[in-house]
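K.L.:
Just so it is clear, I am handing over upload-v3.cif, which has mmCIF, C-alpha atoms and all ligand atoms.
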data_input
#
loop_
_atom_site.group_PDB
_atom_site.id
_atom_site.type_symbol
_atom_site.label_atom_id
_atom_site.label_comp_id
_atom_site.auth_asym_id
_atom_site.auth_seq_id
_atom_site.Cartn_x
_atom_site.Cartn_y
_atom_site.Cartn_z
ATOM 1 C CA MET A 752 2.768 -0.148 -16.640
ATOM 2 C CA LYS A 753 -0.936 -0.841 -16.340
ATOM 3 C CA LYS A 754 -1.298 -3.472 -13.628
ATOM 4 C CA ALA A 755 -1.068 -3.328 -9.860
ATOM 5 C CA VAL A 756 -1.564 -5.782 -7.031
ATOM 6 C CA ILE A 757 -2.793 -4.770 -3.587
ATOM 7 C CA PRO A 758 -2.275 -7.491 -0.979
ATOM 8 C CA ALA A 759 -5.126 -6.996 1.496
ATOM 9 C CA ALA A 760 -5.481 -10.375 3.133
ATOM 10 C CA GLY A 761 -3.989 -9.516 6.538
ATOM 11 C CA LEU A 762 -6.087 -10.120 9.627
ATOM 12 C CA GLY A 763 -5.659 -6.610 11.046
ATOM 13 C CA THR A 764 -4.785 -7.776 14.535
ATOM 14 C CA ARG A 765 -3.160 -4.440 15.432
ATOM 15 C CA MET A 766 -6.479 -2.586 15.052
ATOM 16 C CA LEU A 767 -8.823 -4.785 17.077
ATOM 17 C CA PRO A 768 -11.637 -4.676 18.061
ATOM 18 C CA ALA A 769 -12.684 -2.528 15.027
ATOM 19 C CA THR A 770 -11.200 -5.042 12.598
ATOM 20 C CA LYS A 771 -13.167 -7.927 14.058
ATOM 21 C CA THR A 772 -15.858 -7.285 11.443
ATOM 22 C CA VAL A 773 -14.572 -4.317 9.395
ATOM 23 C CA PRO A 774 -11.577 -5.053 7.159
ATOM 24 C CA LYS A 775 -8.692 -2.804 8.227
ATOM 25 C CA GLU A 776 -8.510 -1.509 4.637
ATOM 26 C CA MET A 777 -12.060 -0.175 5.080
ATOM 27 C CA LEU A 778 -11.348 1.922 8.175
ATOM 28 C CA PRO A 779 -11.900 5.560 7.191
ATOM 29 C CA ILE A 780 -9.120 8.133 7.059
ATOM 30 C CA VAL A 781 -11.341 11.243 7.311
ATOM 31 C CA ASP A 782 -14.187 10.145 5.006
ATOM 32 C CA LYS A 783 -12.582 7.622 2.660
ATOM 33 C CA PRO A 784 -11.580 4.049 3.440
ATOM 34 C CA ALA A 785 -7.820 3.542 3.642
ATOM 35 C CA ILE A 786 -7.777 1.376 0.508
ATOM 36 C CA GLN A 787 -9.244 4.180 -1.566
ATOM 37 C CA TYR A 788 -6.092 6.256 -1.006
ATOM 38 C CA ILE A 789 -4.035 3.322 -2.289
ATOM 39 C CA ILE A 790 -6.215 2.900 -5.365
ATOM 40 C CA GLU A 791 -6.122 6.638 -6.077
ATOM 41 C CA GLU A 792 -2.309 6.566 -5.916
ATOM 42 C CA ALA A 793 -2.218 3.642 -8.358
ATOM 43 C CA VAL A 794 -4.627 5.335 -10.778
ATOM 44 C CA ALA A 795 -2.701 8.632 -10.552
ATOM 45 C CA SER A 796 0.404 6.627 -11.520
ATOM 46 C CA GLY A 797 -1.213 5.357 -14.729
ATOM 47 C CA ILE A 798 -2.424 1.981 -13.427
ATOM 48 C CA GLU A 799 -5.677 0.732 -15.001
ATOM 49 C CA ASP A 800 -6.123 -2.847 -13.751
ATOM 50 C CA ILE A 801 -5.883 -3.618 -10.056
ATOM 51 C CA LEU A 802 -5.957 -7.001 -8.359
ATOM 52 C CA ILE A 803 -6.894 -7.003 -4.692
ATOM 53 C CA VAL A 804 -5.720 -10.119 -2.876
ATOM 54 C CA SER A 805 -8.282 -10.483 -0.122
ATOM 55 C CA ASN A 806 -9.692 -13.169 2.129
ATOM 56 C CA ARG A 807 -13.062 -14.551 3.097
ATOM 57 C CA SER A 808 -13.810 -11.882 5.695
ATOM 58 C CA LYS A 809 -13.288 -8.898 3.391
ATOM 59 C CA HIS A 810 -16.338 -8.756 1.144
ATOM 60 C CA ALA A 811 -17.118 -5.209 2.392
ATOM 61 C CA MET A 812 -14.216 -4.169 0.170
ATOM 62 C CA ASP A 813 -15.689 -5.751 -2.979
ATOM 63 C CA ASP A 814 -19.061 -4.134 -2.232
ATOM 64 C CA TYR A 815 -17.434 -0.742 -1.810
ATOM 65 C CA PHE A 816 -16.037 -0.744 -5.346
ATOM 66 C CA ASP A 817 -19.345 -1.892 -6.864
ATOM 67 C CA TYR A 818 -22.258 0.298 -7.969
ATOM 68 C CA SER A 819 -24.946 0.913 -5.382
ATOM 69 C CA PRO A 820 -28.096 1.493 -7.511
ATOM 70 C CA GLU A 821 -30.559 2.116 -4.696
ATOM 71 C CA LEU A 822 -28.342 4.637 -2.916
ATOM 72 C CA GLU A 823 -27.370 6.345 -6.189
ATOM 73 C CA GLU A 824 -31.029 6.693 -7.206
ATOM 74 C CA LEU A 825 -31.937 8.164 -3.829
ATOM 75 C CA LEU A 826 -29.076 10.680 -3.959
ATOM 76 C CA LYS A 827 -30.032 11.762 -7.469
ATOM 77 C CA ARG A 828 -33.695 12.128 -6.556
ATOM 78 C CA SER A 829 -32.887 14.287 -3.556
ATOM 79 C CA GLY A 830 -30.537 16.502 -5.554
ATOM 80 C CA LYS A 831 -27.387 15.391 -3.696
ATOM 81 C CA ILE A 832 -25.350 15.412 -6.878
ATOM 82 C CA ALA A 833 -21.901 15.810 -5.262
ATOM 83 C CA GLU A 834 -22.582 12.782 -3.034
ATOM 84 C CA TYR A 835 -23.939 10.840 -6.015
ATOM 85 C CA GLU A 836 -20.801 11.592 -7.996
ATOM 86 C CA ALA A 837 -18.576 10.629 -5.062
ATOM 87 C CA VAL A 838 -20.137 7.170 -4.644
ATOM 88 C CA ARG A 839 -20.285 6.558 -8.387
ATOM 89 C CA ASP A 840 -16.688 7.696 -8.916
ATOM 90 C CA VAL A 841 -15.395 5.116 -6.423
ATOM 91 C CA ALA A 842 -16.768 2.297 -8.553
ATOM 92 C CA ASP A 843 -15.424 3.722 -11.818
ATOM 93 C CA LYS A 844 -11.869 4.462 -10.724
ATOM 94 C CA ALA A 845 -10.205 1.384 -12.171
ATOM 95 C CA ASN A 846 -10.895 -2.168 -13.292
ATOM 96 C CA ILE A 847 -10.745 -3.979 -10.005
ATOM 97 C CA PHE A 848 -10.261 -7.740 -9.812
ATOM 98 C CA TYR A 849 -10.206 -9.959 -6.753
ATOM 99 C CA VAL A 850 -8.547 -13.176 -5.774
ATOM 100 C CA ARG A 851 -8.579 -14.735 -2.344
ATOM 101 C CA GLN A 852 -5.570 -15.867 -0.438
ATOM 102 C CA LYS A 853 -7.208 -18.988 0.865
ATOM 103 C CA GLU A 854 -4.648 -19.556 3.601
ATOM 104 C CA THR A 855 -2.772 -16.924 5.610
ATOM 105 C CA LYS A 856 0.711 -17.855 4.466
ATOM 106 C CA GLY A 857 2.415 -14.467 4.261
ATOM 107 C CA LEU A 858 2.944 -11.501 1.959
ATOM 108 C CA GLY A 859 5.060 -13.478 -0.518
ATOM 109 C CA HIS A 860 2.295 -16.020 -0.905
ATOM 110 C CA ALA A 861 -0.318 -13.239 -1.326
ATOM 111 C CA VAL A 862 1.717 -11.660 -4.150
ATOM 112 C CA TRP A 863 2.208 -15.083 -5.737
ATOM 113 C CA ARG A 864 -1.608 -15.350 -5.982
ATOM 114 C CA ALA A 865 -1.403 -12.578 -8.620
ATOM 115 C CA LYS A 866 0.529 -14.762 -11.077
ATOM 116 C CA ARG A 867 -2.362 -15.435 -13.487
ATOM 117 C CA PHE A 868 -3.556 -11.814 -13.363
ATOM 118 C CA VAL A 869 -0.119 -10.387 -14.100
ATOM 119 C CA GLY A 870 1.095 -12.651 -16.914
ATOM 120 C CA ASP A 871 4.522 -11.564 -18.187
ATOM 121 C CA GLU A 872 4.416 -7.805 -17.685
ATOM 122 C CA PRO A 873 6.115 -5.800 -14.947
ATOM 123 C CA PHE A 874 3.606 -4.753 -12.297
ATOM 124 C CA ALA A 875 3.281 -2.590 -9.197
ATOM 125 C CA VAL A 876 2.621 -3.816 -5.668
ATOM 126 C CA LEU A 877 1.100 -1.400 -3.129
ATOM 127 C CA LEU A 878 0.698 -2.546 0.456
ATOM 128 C CA GLY A 879 -2.645 -1.523 1.895
ATOM 129 C CA ASP A 880 -1.285 -0.319 5.257
ATOM 130 C CA ASP A 881 1.157 2.186 3.799
ATOM 131 C CA ILE A 882 -0.539 5.431 2.810
ATOM 132 C CA MET A 883 1.641 8.059 1.146
ATOM 133 C CA MET A 884 1.072 11.796 1.105
ATOM 134 C CA GLY A 885 3.141 13.680 -1.441
ATOM 135 C CA LYS A 886 3.070 15.609 -4.701
ATOM 136 C CA THR A 887 4.176 12.897 -7.135
ATOM 137 C CA PRO A 888 2.532 9.536 -6.415
ATOM 138 C CA VAL A 889 5.123 7.167 -4.929
ATOM 139 C CA THR A 890 4.190 4.402 -7.374
ATOM 140 C CA LYS A 891 4.900 6.830 -10.229
ATOM 141 C CA GLN A 892 8.296 7.701 -8.710
ATOM 142 C CA LEU A 893 9.111 3.974 -8.694
ATOM 143 C CA ILE A 894 7.797 3.332 -12.221
ATOM 144 C CA ASP A 895 10.013 6.144 -13.565
ATOM 145 C CA ALA A 896 13.130 4.718 -11.877
ATOM 146 C CA ALA A 897 12.299 1.142 -12.938
ATOM 147 C CA GLU A 898 11.923 2.268 -16.556
ATOM 148 C CA GLN A 899 15.044 4.411 -16.485
ATOM 149 C CA TYR A 900 17.230 1.587 -15.144
ATOM 150 C CA GLU A 901 15.315 -1.321 -16.750
ATOM 151 C CA ALA A 902 15.087 -2.824 -13.306
ATOM 152 C CA SER A 903 12.637 -3.799 -10.640
ATOM 153 C CA ALA A 904 12.248 -1.168 -7.916
ATOM 154 C CA VAL A 905 11.451 -0.885 -4.232
ATOM 155 C CA GLY A 906 10.430 2.222 -2.295
ATOM 156 C CA ILE A 907 12.676 2.977 0.673
ATOM 157 C CA GLN A 908 13.099 5.562 3.399
ATOM 158 C CA ARG A 909 15.497 5.903 6.295
ATOM 159 C CA VAL A 910 13.898 4.824 9.577
ATOM 160 C CA ALA A 911 15.122 5.176 13.162
ATOM 161 C CA SER A 912 17.746 2.495 13.867
ATOM 162 C CA GLU A 913 15.633 0.976 16.643
ATOM 163 C CA ALA A 914 12.695 0.676 14.199
ATOM 164 C CA ILE A 915 14.459 -1.269 11.429
ATOM 165 C CA SER A 916 13.475 -4.618 12.992
ATOM 166 C CA LYS A 917 9.850 -3.897 12.030
ATOM 167 C CA TYR A 918 10.752 -3.749 8.329
ATOM 168 C CA SER A 919 13.058 -5.164 5.680
ATOM 169 C CA SER A 920 16.479 -3.548 5.500
ATOM 170 C CA VAL A 921 18.378 -3.138 2.223
ATOM 171 C CA LEU A 922 22.023 -3.151 1.180
ATOM 172 C CA ILE A 923 22.362 -0.317 -1.317
ATOM 173 C CA SER A 924 24.867 1.769 -3.262
ATOM 174 C CA GLU A 925 24.057 5.171 -4.707
ATOM 175 C CA LEU A 926 23.391 5.546 -8.445
ATOM 176 C CA GLU A 927 22.131 9.125 -8.347
ATOM 177 C CA GLU A 928 20.358 11.376 -5.877
ATOM 178 C CA ARG A 929 17.616 9.302 -4.168
ATOM 179 C CA ILE A 930 18.172 6.221 -6.385
ATOM 180 C CA TYR A 931 20.313 3.249 -5.334
ATOM 181 C CA ARG A 932 21.300 -0.177 -6.639
ATOM 182 C CA VAL A 933 20.036 -2.974 -4.348
ATOM 183 C CA SER A 934 22.305 -5.958 -3.742
ATOM 184 C CA ASP A 935 20.821 -7.632 -0.659
ATOM 185 C CA MET A 936 18.042 -7.373 1.909
ATOM 186 C CA ASN A 937 16.561 -9.135 4.914
ATOM 187 C CA GLU A 938 13.154 -9.212 6.593
ATOM 188 C CA LYS A 939 12.764 -7.882 10.135
ATOM 189 C CA PRO A 940 16.485 -7.997 10.989
ATOM 190 C CA LYS A 941 17.762 -7.844 14.547
ATOM 191 C CA PRO A 942 19.454 -4.412 14.930
ATOM 192 C CA ASP A 943 22.958 -5.908 14.487
ATOM 193 C CA GLN A 944 21.878 -7.794 11.340
ATOM 194 C CA ALA A 945 20.405 -4.815 9.472
ATOM 195 C CA PHE A 946 22.143 -3.957 6.182
ATOM 196 C CA SER A 947 21.310 -0.260 6.587
ATOM 197 C CA GLU A 948 18.779 2.048 8.181
ATOM 198 C CA PHE A 949 16.878 2.139 4.896
ATOM 199 C CA ALA A 950 13.663 0.107 5.002
ATOM 200 C CA ILE A 951 11.400 -1.004 2.178
ATOM 201 C CA LEU A 952 8.085 0.733 2.794
ATOM 202 C CA GLY A 953 5.155 -0.736 0.964
ATOM 203 C CA ARG A 954 5.791 0.022 -2.724
ATOM 204 C CA TYR A 955 7.377 -2.263 -5.332
ATOM 205 C CA ILE A 956 7.703 -2.561 -9.113
ATOM 206 C CA LEU A 957 8.361 -6.185 -9.943
ATOM 207 C CA THR A 958 9.013 -8.290 -12.987
ATOM 208 C CA ALA A 959 7.133 -11.534 -13.528
ATOM 209 C CA GLU A 960 10.330 -13.447 -12.612
ATOM 210 C CA ILE A 961 9.225 -13.004 -9.005
ATOM 211 C CA PHE A 962 6.516 -15.659 -9.361
ATOM 212 C CA SER A 963 8.807 -18.611 -10.071
ATOM 213 C CA ILE A 964 11.078 -17.377 -7.284
ATOM 214 C CA LEU A 965 8.190 -17.150 -4.792
ATOM 215 C CA GLU A 966 7.064 -20.637 -5.769
ATOM 216 C CA ASN A 967 10.381 -21.909 -4.481
ATOM 217 C CA THR A 968 10.736 -19.627 -1.460
ATOM 218 C CA PRO A 969 10.453 -21.511 1.819
ATOM 219 C CA PRO A 970 8.711 -19.949 4.837
ATOM 220 C CA GLY A 971 10.943 -17.380 6.544
ATOM 221 C CA TYR A 972 10.360 -14.855 9.329
ATOM 222 C CA GLY A 973 7.292 -15.781 11.401
ATOM 223 C CA GLY A 974 6.893 -19.076 9.513
ATOM 224 C CA GLU A 975 5.423 -17.161 6.545
ATOM 225 C CA ILE A 976 6.484 -16.913 2.900
ATOM 226 C CA GLN A 977 8.085 -13.487 2.856
ATOM 227 C CA LEU A 978 8.088 -11.209 -0.185
ATOM 228 C CA THR A 979 11.439 -9.882 1.030
ATOM 229 C CA ASP A 980 13.007 -13.374 0.770
ATOM 230 C CA GLY A 981 11.777 -13.583 -2.835
ATOM 231 C CA LEU A 982 13.096 -10.087 -3.605
ATOM 232 C CA GLN A 983 16.443 -10.951 -2.090
ATOM 233 C CA ARG A 984 16.805 -13.664 -4.719
ATOM 234 C CA LEU A 985 15.386 -11.429 -7.462
ATOM 235 C CA CYS A 986 17.958 -8.689 -6.804
ATOM 236 C CA LYS A 987 20.761 -11.243 -7.215
ATOM 237 C CA VAL A 988 19.601 -12.455 -10.633
ATOM 238 C CA SER A 989 18.371 -9.218 -12.224
ATOM 239 C CA PRO A 990 18.830 -5.479 -11.623
ATOM 240 C CA MET A 991 16.875 -3.850 -8.807
ATOM 241 C CA VAL A 992 16.877 -0.225 -7.734
ATOM 242 C CA ALA A 993 15.658 1.404 -4.546
ATOM 243 C CA VAL A 994 14.008 4.809 -4.638
ATOM 244 C CA ASP A 995 14.228 6.992 -1.541
ATOM 245 C CA PHE A 996 10.775 8.307 -2.325
ATOM 246 C CA ASP A 997 9.590 11.831 -1.725
ATOM 247 C CA ALA A 998 6.397 11.567 0.375
ATOM 248 C CA LYS A 999 5.252 11.232 3.953
ATOM 249 C CA ARG A 1000 4.404 7.637 4.740
ATOM 250 C CA TYR A 1001 1.803 6.563 7.292
ATOM 251 C CA ASP A 1002 1.551 3.025 8.641
ATOM 252 C CA THR A 1003 -2.202 2.957 9.050
ATOM 253 C CA GLY A 1004 -2.083 -0.637 10.277
ATOM 254 C CA ASN A 1005 -1.254 0.605 13.775
ATOM 255 C CA LEU A 1006 -3.034 3.086 15.968
ATOM 256 C CA GLU A 1007 -0.397 5.850 15.995
ATOM 257 C CA GLY A 1008 0.033 5.828 12.210
ATOM 258 C CA PHE A 1009 -3.698 5.697 11.704
ATOM 259 C CA LEU A 1010 -4.236 8.751 13.939
ATOM 260 C CA GLU A 1011 -1.376 10.672 12.287
ATOM 261 C CA ALA A 1012 -2.880 10.053 8.861
ATOM 262 C CA THR A 1013 -6.348 11.024 10.041
ATOM 263 C CA ILE A 1014 -5.126 14.316 11.509
ATOM 264 C CA ASP A 1015 -2.839 15.227 8.580
ATOM 265 C CA TYR A 1016 -5.474 14.484 5.938
ATOM 266 C CA ALA A 1017 -8.145 16.322 7.926
ATOM 267 C CA LEU A 1018 -5.842 19.364 8.282
ATOM 268 C CA GLN A 1019 -5.455 19.468 4.491
ATOM 269 C CA ASP A 1020 -9.186 19.110 3.864
ATOM 270 C CA PRO A 1021 -10.735 22.504 3.003
ATOM 271 C CA ARG A 1022 -14.041 21.425 4.580
ATOM 272 C CA VAL A 1023 -12.615 20.818 8.063
ATOM 273 C CA GLY A 1024 -8.934 21.900 8.060
ATOM 274 C CA ASP A 1025 -9.384 25.357 9.633
ATOM 275 C CA TRP A 1026 -11.948 24.087 12.111
ATOM 276 C CA LEU A 1027 -9.572 21.288 13.179
ATOM 277 C CA LYS A 1028 -6.679 23.733 13.660
ATOM 278 C CA GLY A 1029 -8.848 25.810 15.994
ATOM 279 C CA PHE A 1030 -10.075 22.728 17.845
ATOM 280 C CA MET A 1031 -6.540 21.414 18.296
ATOM 281 C CA SER A 1032 -5.121 24.693 19.521
ATOM 282 C CA ASP A 1033 -7.957 24.976 22.083
ATOM 283 C CA LYS A 1034 -7.281 21.384 23.158
ATOM 284 C CA LEU A 1035 -3.566 22.027 23.560
ATOM 285 C CA LYS A 1036 -4.326 24.853 25.967
ATOM 286 C CA GLU A 1037 -6.400 22.452 28.080
ATOM 287 C CA ILE A 1038 -3.765 19.708 28.385
HETATM 288 C C1 LIG A 1101 5.708 -5.660 5.463
HETATM 289 C C2 LIG A 1101 6.922 -6.249 4.731
HETATM 290 C C3 LIG A 1101 8.198 -5.521 5.133
HETATM 291 C C4 LIG A 1101 8.023 -4.020 4.873
HETATM 292 C C5 LIG A 1101 6.786 -3.507 5.643
HETATM 293 C C6 LIG A 1101 6.503 -2.030 5.407
HETATM 294 O O1 LIG A 1101 5.819 -5.942 6.822
HETATM 295 O O2 LIG A 1101 7.023 -7.637 5.029
HETATM 296 O O3 LIG A 1101 9.284 -6.007 4.373
HETATM 297 O O4 LIG A 1101 9.203 -3.349 5.291
HETATM 298 O O5 LIG A 1101 5.620 -4.255 5.254
HETATM 299 O O6 LIG A 1101 5.995 -1.812 4.146
HETATM 300 P P1 LIG A 1101 4.536 -5.882 7.828
HETATM 301 O O7 LIG A 1101 4.242 -4.434 8.034
HETATM 302 O O8 LIG A 1101 3.424 -6.595 7.113
HETATM 303 O O9 LIG A 1101 4.983 -6.579 9.065
#
Starting from the file, give its structure as structure tokens.
Ligand code: G1P
P.N.:
Amino acid sequence: MKKAVIPAAGLGTRMLPATKTVPKEMLPIVDKPAIQYIIEEAVASGIEDILIVSNRSKHAMDDYFDYSPELEELLKRSGKIAEYEAVRDVADKANIFYVRQKETKGLGHAVWRAKRFVGDEPFAVLLGDDIMMGKTPVTKQLIDAAEQYEASAVGIQRVASEAISKYSSVLISELEERIYRVSDMNEKPKPDQAFSEFAILGRYILTAEIFSILENTPPGYGGEIQLTDGLQRLCKVSPMVAVDFDAKRYDTGNLEGFLEATIDYALQDPRVGDWLKGFMSDKLKEI
């Protein structure tokens, strides 16, 4: 599987005022924008071509993945080779393509915008808010299960029962450890309508059948075309598995998740990890 789609057309209303002018995908987790973690996961999973579905206020993202000749020249001239390599490497990570979602019509509509890019092959979808920290990239875990079962795949984890209404819940039956067959799902269920406490969390392997389904999917929750409504129909016409993936997931689209990710990634960073531990333990004594 060589293609991935990253829907990044959301307005970022949970991270205002920063996201008034900075796309939420460009907010830094330590010293890399959030979207770079997503792209690195895709590339580490074997993906080569990536389509970012963006909108008219997100050109900072396109610029970030371009070369920056003036800056690169300056860094080289002043002997800052590590910095030079870091900025250059960002632009060379993958073949990145862009399409705009011209109207904010929901995640299903954003994924549908990838139809021409994808063609007939299966492809991965990685949601920009969900950053995963783990040994094996989550997208790779899903690709392996999708290939093994010749199915589409969604990444799931158990969430607290009071939290399921923020996500899509799935009806599943176990196939093997951590892998389930999916037979139904719903978007942002009321607690008594949830199929299970397992939620789909930001990673999907889909077949191109999804596009004709999304074309005929009416607006659902929130008046938007929901990917979950399309997937619900997909899982009824062709096999779909759910992978209870092995990784810690951060929802960086809200303040708590964003801070958790920042702290966890900083703690793992050899440049600042030990310093941060000391700083935090001093802080804890103060409060
Ligand atoms: C989206 C999806 C939802 C999924 C969630 C977490 O919701 O619509 O099905 O469970 O991401 O990946 P959002 O966070 O955009 O409200």
K.L.:
Using CA of Ile757 in chain A and CA of Glu948 in chain A as the two end points, give the distance in Å to one decimal.
P.N.:
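A separation of 25.5 Å between them.
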K.L.:
Could you report the residues within 10 Å of ligand LIG 1101 (chain A), using all atoms listed in the file, as a PyMOL selection string?
P.N.:
chain A and resi 758+761+763+857-859+877-882+906-908+915-921+936-940+949-955+972-973+975-980+982+1000-1005
K.L.:
Quick one: of A:Tyr1016, A:Phe996, A:Phe1030, A:Tyr788, who's nearest to Gln892 in chain A, counting all atoms listed in the file?
P.N.:
A:Phe996
K.L.:
In terms of the shortest atom-to-atom distance over all atoms listed in the file, which of A:Ala755, A:Ala833, A:Ala861, A:Met883 is closest to Phe848 in chain A?
P.N.:
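Once distances to Phe848 in chain A are computed over all atoms listed in the file, the minimum belongs to A:Ala755.
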K.L.:
Starting from 4 Å padding per side, set up an axis-aligned box that covers all listed atoms of range 822-841 of chain A and hand over centre and edge lengths in Å, one decimal, as lines of an AutoDock Vina configuration file.
P.N.:
center_x = -24.5
center_y = 10.6
center_z = -5.9
size_x = 26.3
size_y = 19.9
size_z = 14.0
K.L.:
Expand the PyMOL selection byres (((chain A and resi 903) around 7) and not hetatm) into the individual residues it matches in the shown file, reporting them as a VMD selection string.
P.N.:
chain A and resid 897 902 904 956 to 958 990 to 992
